[in-house]
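These notes concern the structure reproduced below.
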Amino acid sequence: MELSRSAGVPSAGVALIALAAAALPLVTRDSYYLDVATTILMNLTLTMSFRLQVSTGQINMAHISFMGIGAYASALLVTRVGLSFWATLWIGPLVAAALAVPIGSVALRVSGPYYFLITFAFSEVVRLFFNNFFEGLFGGPSGLVGIPKPDRLLGLAFDGKLELYGLMAVLCVGVALALVRLDHSRFGLTAGAIRQADLLAETLGVNVFRYKLTTFVLGSFIAGLAGVFFAHFRRVLHSSDFGLEPMVLLVVFTVIGGTGSVWGPVVGTILMTIASELLRELHHYEILVFGAVLILTMLFAPEGLVALPGTARRLLRRLRGRAPAAAGVGLAP
Amino acid sequence: MSIDLLVQALLNGFGLAMVYVLVALGLTLIFSILEIINFAHGEFYMLGGYVTYYAYALFGLNYFATLGLAILTVGLAGVVAERLIFHDLRGKALNAFIVSLGLLWVMQAGAQLAFGVLDKPVPSAFSGIVRVLGLVISVERLVVTLSAIVLIVALYLFLRLSRPGRAMRAVAQDADAAALQGVNIEAVAALGFGVGCALAGGAGGLLAPVFAVSPAMGALPVVKAFIIIIVGGMGSLPGAVLGGLLLGGVEGLGALFMGSAAVNILGFLMVIAVLLVRPRGLVGGA
């Protein structure tokens with residue numbers, strides 16, 4: 001019963017996101033706002049899939065690399081092989097997921113701090129590979145250019161901001177629906193159990209490694225999906241798009257909202273993407289502010305912004321609880 | 001290929017690797033005492049570089065006095081960072097790691113705003129080369145490498161013989177037991193973080209004349225330090241030295257066959273290889 005009730009709320013939430021996304025073009029068709037909204041949805045897809053892994057207690061510093069793998073795979077398959085975008089939209093994520101199996105199998109042999117470092121090592125290998133090897137293919141330091149927009153589908157041309165926004169909205173809502181259902185399935189509950197006490201889960205017969213690997217591969221698939229869209233949305237790829245800075249940004253988006261539920265990344269991503277747009281002219285200040293916000297959140301509200309009302313309520317209750325006690329002390333002598 | 005060329009390549013690799021070992025020793029010391037992976041460690045190295053730029057290149061202070069100043073200043077900055085930020089995060093690996101990512105950005109952006117984004121050149125303190133048995137070694141590299149080795153030995157003696165050093169080792173082994181024996185954990189944590197950062201600051205001071213000083217200069221050495229401590233085993237000081245020698249050797253030899261950017265990938269491949277065989281690193285304990 002507990003299960004079905006809690007599953008109802010997030011599904012309604014996804015419907016709310018879908019409605020909001022559908023309503024935006026009615027409010028404005030300004031290409032700048034559509035661009036920002038598309039970026040939010042793309043970041044949202046990334047942060048939701050990143051949280052999936054954080055929910056088993058792993059900060060995967062190579063998450064952004066799987067976005068890169070999907071992006072480069074799709075860009076090359078379209079420009080070199082001549083495949084349709086609508087085919088690579090699936091092939092790109094599959095390539096990312098296929099590479100995630102061996103990489104995840106190695107990385108998940110270790111845990112905690114070792115895991116941060118080995119995934120970071122992988123992300124650097126991927127970035128250096130795109131930057132320094134097969135320059136004729138990946139474009140090297142000057143980047144991979146000339147990536148076309150998605151081709152026509154069912155008579156619809158995807159050459160405007162509005163159509164691209166619509167496509168990203170559909171992808172994002174689809175991912176959100178799938179992740180919400182997953183969160184409240186047996187799988188999601190097990191993931192939570194692993195985060196809280198993986199040794200205990202293991203003794204209860206949960207194959208912890210398999211669960212972690214599954215979330216790793218699934219998360220990489222979704223990151224690859226966002227990557228394919230990114231490639232044909234921006235139409236130029238640099239290896240630095242998938243380096244440490246965007247990865248830390250991803251951590252900022254996810255952590256500031258809170259990782260306890262799907263809503264944390266949603267709130268965090270929307271707020272921080274807008275903040276990032278506002279601070280765009282002042283790049284150094286953007287990084288400074290984001291870094292400071294990240295530190296302050298982790299120190300004073302480690303459960304994230306979404307948990308703030310609950311944290312405040314608990315604080316209030318404690319204060320109220322303490323008030324009579326203080327009066328009592330005052331009366332005693 | 002001649003043996004001379006091989007030995008020369010190995011020497012080139014080892015020389016810089018000793019400085020990266022300094023950075024790695026700081027990281028691993030902080031990890032063993034506070035169980036924190038400080039991703040912002042490279043930014044303390046960068047601070048050391050700027051101290052050197054201002055004291056030595058601009059103000060004209062003696063090279064070795066500058067080095068001492070860099071070590072002291074950055075060590076102090078480390079103590080402040082521990083007291084202000086990392087103090088409550090001891091043992092919370094995940095939260096501390098995320099906080100250190102934030103600190104990395106704050107320090108890097110702060111340096112860009114305070115010192116400007118452009119590279120600042122620091123003149124060489126030593127010029128000329130020495131020839132030994134047909135090998136060519138620049139005096140500057142020799143001084144840098146020897147200074148790094150002196151600092152490594154000094155750290156070793158400090159941890160072995162001094163009272164605070166022994167307290168640090170005790171906390172690293174078992175914090176609760178150390179506290180029961182009357183060790184002041186708070187003081188040891190602050191001092192340990194400070195000493196770790198001071199080592200990074202010293203490394204930054206040593207390499208400032210070799211490379212230029214810039215806000216992003218910390219990225220490369222910290223990445224190398226990560227490689228060194230994973231390969232050697234986290235929390236192990238001899239492991240860090242061994243990891244550094246291995247990395248130096250691999251990169252030195254690799255430079256004979258490929259470009260410098262491609263060489264960087266070798267270290268990461270070494271990490272992956274080591275983790276496959278011995279996830280705890282070569283010298284790491286249980």
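In the structure tokens, each chain is lettered A, B, ... as it comes, each chain's residues begin at 1, and ligands are numbered from 1 in order of appearance.
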Do me a favour and pick out the residues of chain A within 6 Å of chain B, using only C-alpha atoms, as a PDB file with all heavy atoms, in the first residue's frame.
ATOM      1  N   ALA A 121      39.554   8.452 -13.733  1.00  0.00           N
ATOM      2  CA  ALA A 121      40.618   8.005 -14.641  1.00  0.00           C
ATOM      3  C   ALA A 121      40.021   7.601 -15.990  1.00  0.00           C
ATOM      4  O   ALA A 121      40.538   7.968 -17.046  1.00  0.00           O
ATOM      5  CB  ALA A 121      41.386   6.841 -14.027  1.00  0.00           C
ATOM      6  N   VAL A 125      40.714   9.148 -19.743  1.00  0.00           N
ATOM      7  CA  VAL A 125      41.133   8.327 -20.888  1.00  0.00           C
ATOM      8  C   VAL A 125      40.240   8.633 -22.086  1.00  0.00           C
ATOM      9  O   VAL A 125      40.721   8.865 -23.206  1.00  0.00           O
ATOM     10  CB  VAL A 125      41.067   6.814 -20.548  1.00  0.00           C
ATOM     11  CG1 VAL A 125      41.242   5.978 -21.803  1.00  0.00           C
ATOM     12  CG2 VAL A 125      42.133   6.455 -19.536  1.00  0.00           C
ATOM     13  N   HIS A 284      33.964  33.661 -14.706  1.00  0.00           N
ATOM     14  CA  HIS A 284      34.718  33.359 -13.483  1.00  0.00           C
ATOM     15  C   HIS A 284      33.803  33.382 -12.279  1.00  0.00           C
ATOM     16  O   HIS A 284      33.910  32.568 -11.378  1.00  0.00           O
ATOM     17  CB  HIS A 284      35.835  34.368 -13.244  1.00  0.00           C
ATOM     18  CG  HIS A 284      36.766  34.488 -14.398  1.00  0.00           C
ATOM     19  ND1 HIS A 284      37.115  33.408 -15.163  1.00  0.00           N
ATOM     20  CD2 HIS A 284      37.409  35.552 -14.911  1.00  0.00           C
ATOM     21  CE1 HIS A 284      37.931  33.814 -16.116  1.00  0.00           C
ATOM     22  NE2 HIS A 284      38.125  35.106 -15.993  1.00  0.00           N
ATOM     23  N   ILE A 287      31.587  30.206 -11.977  1.00  0.00           N
ATOM     24  CA  ILE A 287      32.284  29.081 -11.378  1.00  0.00           C
ATOM     25  C   ILE A 287      32.453  29.303  -9.874  1.00  0.00           C
ATOM     26  O   ILE A 287      32.243  28.405  -9.064  1.00  0.00           O
ATOM     27  CB  ILE A 287      33.670  28.926 -12.050  1.00  0.00           C
ATOM     28  CG1 ILE A 287      33.495  28.661 -13.537  1.00  0.00           C
ATOM     29  CG2 ILE A 287      34.497  27.854 -11.405  1.00  0.00           C
ATOM     30  CD1 ILE A 287      33.121  27.265 -13.873  1.00  0.00           C
ATOM     31  N   LEU A 288      32.798  30.536  -9.513  1.00  0.00           N
ATOM     32  CA  LEU A 288      33.004  30.874  -8.098  1.00  0.00           C
ATOM     33  C   LEU A 288      31.713  30.667  -7.303  1.00  0.00           C
ATOM     34  O   LEU A 288      31.704  30.018  -6.255  1.00  0.00           O
ATOM     35  CB  LEU A 288      33.466  32.334  -7.992  1.00  0.00           C
ATOM     36  CG  LEU A 288      33.898  32.821  -6.615  1.00  0.00           C
ATOM     37  CD1 LEU A 288      35.225  32.206  -6.245  1.00  0.00           C
ATOM     38  CD2 LEU A 288      34.009  34.336  -6.591  1.00  0.00           C
ATOM     39  N   GLY A 291      30.677  26.941  -7.127  1.00  0.00           N
ATOM     40  CA  GLY A 291      31.541  26.220  -6.192  1.00  0.00           C
ATOM     41  C   GLY A 291      31.139  26.510  -4.754  1.00  0.00           C
ATOM     42  O   GLY A 291      31.002  25.599  -3.938  1.00  0.00           O
ATOM     43  N   LEU A 294      27.869  24.893  -3.876  1.00  0.00           N
ATOM     44  CA  LEU A 294      28.054  23.449  -3.668  1.00  0.00           C
ATOM     45  C   LEU A 294      28.594  23.169  -2.261  1.00  0.00           C
ATOM     46  O   LEU A 294      28.096  22.300  -1.543  1.00  0.00           O
ATOM     47  CB  LEU A 294      29.014  22.910  -4.727  1.00  0.00           C
ATOM     48  CG  LEU A 294      29.151  21.398  -4.816  1.00  0.00           C
ATOM     49  CD1 LEU A 294      27.804  20.770  -5.117  1.00  0.00           C
ATOM     50  CD2 LEU A 294      30.148  21.012  -5.895  1.00  0.00           C
ATOM     51  N   ILE A 295      29.623  23.932  -1.858  1.00  0.00           N
ATOM     52  CA  ILE A 295      30.209  23.732  -0.528  1.00  0.00           C
ATOM     53  C   ILE A 295      29.166  23.992   0.550  1.00  0.00           C
ATOM     54  O   ILE A 295      28.970  23.180   1.458  1.00  0.00           O
ATOM     55  CB  ILE A 295      31.417  24.678  -0.319  1.00  0.00           C
ATOM     56  CG1 ILE A 295      32.543  24.311  -1.287  1.00  0.00           C
ATOM     57  CG2 ILE A 295      31.915  24.609   1.124  1.00  0.00           C
ATOM     58  CD1 ILE A 295      33.718  25.254  -1.228  1.00  0.00           C
TER      59      ILE A 295
END
Practice prompt. Name all residues at most 10 Å from B:Leu118 (count only C-alpha atoms; drop same-chain ones fewer than 6 positions away) and give them as a ChimeraX atom specification.
Written response: /B:112,212-215
Just to be explicit: take each residue in the selection above, keep C-alpha atoms, and write the result as a short mmCIF file (atom, residue, chain, number, x, y, z; two decimals), in the first residue's frame.
data_model
loop_
_atom_site.label_atom_id
_atom_site.label_comp_id
_atom_site.auth_asym_id
_atom_site.auth_seq_id
_atom_site.Cartn_x
_atom_site.Cartn_y
_atom_site.Cartn_z
CA GLN B 112 41.55 33.92 -12.00
CA ALA B 212 54.64 28.88 -16.00
CA VAL B 213 52.26 29.82 -13.18
CA SER B 214 48.54 29.95 -14.04
CA PRO B 215 45.17 29.44 -12.28
#
Discussion item. Using only C-alpha atoms, which protein or nucleic acid residues come within 9 Å of A:Leu213? Drop anything in the same chain fewer than 2 positions from it, and give the result as a VMD selection string.
Written reply: chain A and resid 100 to 101 104 to 105 108 208 to 211 215 to 218
Item to complete: as a PyMOL selection string, please: all residues of stretch 1-247 of chain A that backbone DSSP puts in strand (DSSP E or B).
Response: chain A and resi 144+153+156+237
Worksheet item: What lies within 10 Å of A:Arg51 using only C-alpha atoms, ignoring chain neighbours under 3 positions off, as a PyMOL selection string?
Response: chain A and resi 46-48+54-60+179+215+219+250-251+254-255+258-262+264-265
Contacts of B:Leu199 at 8 Å (only C-alpha atoms; same-chain gap of 5+ positions) as a short mmCIF file (atom, residue, chain, number, x, y, z; two decimals) with all heavy atoms, in the first residue's frame:
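As a result, out_7.cif now contains:
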data_model
loop_
_atom_site.label_atom_id
_atom_site.label_comp_id
_atom_site.auth_asym_id
_atom_site.auth_seq_id
_atom_site.Cartn_x
_atom_site.Cartn_y
_atom_site.Cartn_z
N LEU B 22 55.62 14.26 -4.26
CA LEU B 22 55.34 15.20 -3.17
C LEU B 22 53.85 15.52 -3.10
O LEU B 22 53.24 15.50 -2.03
CB LEU B 22 56.09 16.51 -3.40
CG LEU B 22 57.47 16.70 -2.84
CD1 LEU B 22 57.89 18.15 -3.04
CD2 LEU B 22 57.50 16.36 -1.38
N VAL B 23 53.27 15.83 -4.28
CA VAL B 23 51.84 16.14 -4.33
C VAL B 23 51.05 14.92 -3.86
O VAL B 23 50.12 15.03 -3.06
CB VAL B 23 51.43 16.52 -5.77
CG1 VAL B 23 49.95 16.89 -5.81
CG2 VAL B 23 52.28 17.66 -6.29
N LEU B 25 52.03 12.45 -1.92
CA LEU B 25 52.21 12.17 -0.48
C LEU B 25 51.26 13.03 0.35
O LEU B 25 50.68 12.56 1.33
CB LEU B 25 53.66 12.45 -0.07
CG LEU B 25 54.68 11.38 -0.46
CD1 LEU B 25 56.09 11.87 -0.19
CD2 LEU B 25 54.42 10.08 0.30
N GLY B 26 51.07 14.29 -0.07
CA GLY B 26 50.14 15.16 0.64
C GLY B 26 48.72 14.61 0.58
O GLY B 26 48.02 14.54 1.59
N ILE B 71 55.93 26.77 1.23
CA ILE B 71 55.51 25.64 2.06
C ILE B 71 54.72 26.12 3.27
O ILE B 71 53.64 25.60 3.58
CB ILE B 71 56.75 24.82 2.50
CG1 ILE B 71 57.34 24.11 1.28
CG2 ILE B 71 56.40 23.82 3.59
CD1 ILE B 71 58.66 23.42 1.54
N GLY B 75 50.72 25.65 3.71
CA GLY B 75 50.38 24.83 4.86
C GLY B 75 49.36 25.53 5.74
O GLY B 75 48.38 24.93 6.19
N LEU B 151 62.63 16.89 0.64
CA LEU B 151 61.34 17.10 1.30
C LEU B 151 60.68 15.77 1.64
O LEU B 151 60.06 15.61 2.69
CB LEU B 151 60.41 17.94 0.42
CG LEU B 151 60.75 19.43 0.36
CD1 LEU B 151 59.88 20.15 -0.65
CD2 LEU B 151 60.59 20.06 1.73
#
Worksheet item: Which residues, written as a ChimeraX atom specification, have at least one atom at most 10 Å from A:Leu171, with only C-alpha atoms counted and residues fewer than 6 positions away on the same chain left out?
Response: /A:41-42,45,165,222,225-226,229
For A:Gly140: contacts at 9 Å, only C-alpha atoms, fewer than 5 positions along chain excluded, given as a PDB file with N, CA and C atoms, in the first residue's frame:
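Written file, part-v9.pdb:
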ATOM      1  N   PHE A 129      41.444  10.457 -25.430  1.00  0.00           N
ATOM      2  CA  PHE A 129      41.303   9.661 -26.647  1.00  0.00           C
ATOM      3  C   PHE A 129      40.636  10.498 -27.741  1.00  0.00           C
ATOM      4  N   PHE A 130      39.528  11.155 -27.410  1.00  0.00           N
ATOM      5  CA  PHE A 130      38.837  11.991 -28.407  1.00  0.00           C
ATOM      6  C   PHE A 130      39.720  13.159 -28.833  1.00  0.00           C
ATOM      7  N   ASN A 131      40.559  13.638 -27.914  1.00  0.00           N
ATOM      8  CA  ASN A 131      41.346  14.825 -28.195  1.00  0.00           C
ATOM      9  C   ASN A 131      42.610  14.532 -29.006  1.00  0.00           C
ATOM     10  N   ASN A 132      43.228  13.372 -28.758  1.00  0.00           N
ATOM     11  CA  ASN A 132      44.575  13.147 -29.306  1.00  0.00           C
ATOM     12  C   ASN A 132      44.705  11.999 -30.292  1.00  0.00           C
ATOM     13  N   PHE A 133      43.702  11.167 -30.396  1.00  0.00           N
ATOM     14  CA  PHE A 133      43.841  10.013 -31.277  1.00  0.00           C
ATOM     15  C   PHE A 133      42.885  10.135 -32.468  1.00  0.00           C
ATOM     16  N   PHE A 134      43.254   9.531 -33.579  1.00  0.00           N
ATOM     17  CA  PHE A 134      42.421   9.497 -34.788  1.00  0.00           C
ATOM     18  C   PHE A 134      41.848  10.880 -35.109  1.00  0.00           C
ATOM     19  N   GLU A 135      42.767  11.852 -35.256  1.00  0.00           N
ATOM     20  CA  GLU A 135      42.320  13.218 -35.430  1.00  0.00           C
ATOM     21  C   GLU A 135      41.444  13.376 -36.668  1.00  0.00           C
ATOM     22  N   HIS A 238      33.434  19.076 -28.959  1.00  0.00           N
ATOM     23  CA  HIS A 238      34.820  19.180 -28.500  1.00  0.00           C
ATOM     24  C   HIS A 238      34.998  18.178 -27.375  1.00  0.00           C
ATOM     25  N   SER A 239      36.219  17.657 -27.233  1.00  0.00           N
ATOM     26  CA  SER A 239      36.436  16.690 -26.158  1.00  0.00           C
ATOM     27  C   SER A 239      36.191  17.344 -24.797  1.00  0.00           C
TER      28      SER A 239
END
Worksheet item: Could you write out, as number ranges by chain, all the residues of stretch 179-275 of chain A that DSSP marks as helix (DSSP H, G or I)?
Response: A: 179-183, 186-196, 198-203, 208-234, 239-242, 244-257, 263-275
Worksheet item: Which of these, B:Val132, B:Leu180, B:Val51, B:Ala77, has the shortest distance to B:Ala65 once you count only C-alpha atoms?
Response: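 Ranked by minimum distance to B:Ala65, first place goes to B:Val51.
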Worksheet item: If you measure from atom CA of B:Leu34 to atom CA of B:Gly91, what distance in Å do you get, rounded to one decimal?
Response: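 Atom CA of B:Gly91 lies 6.1 Å from atom CA of B:Leu34.
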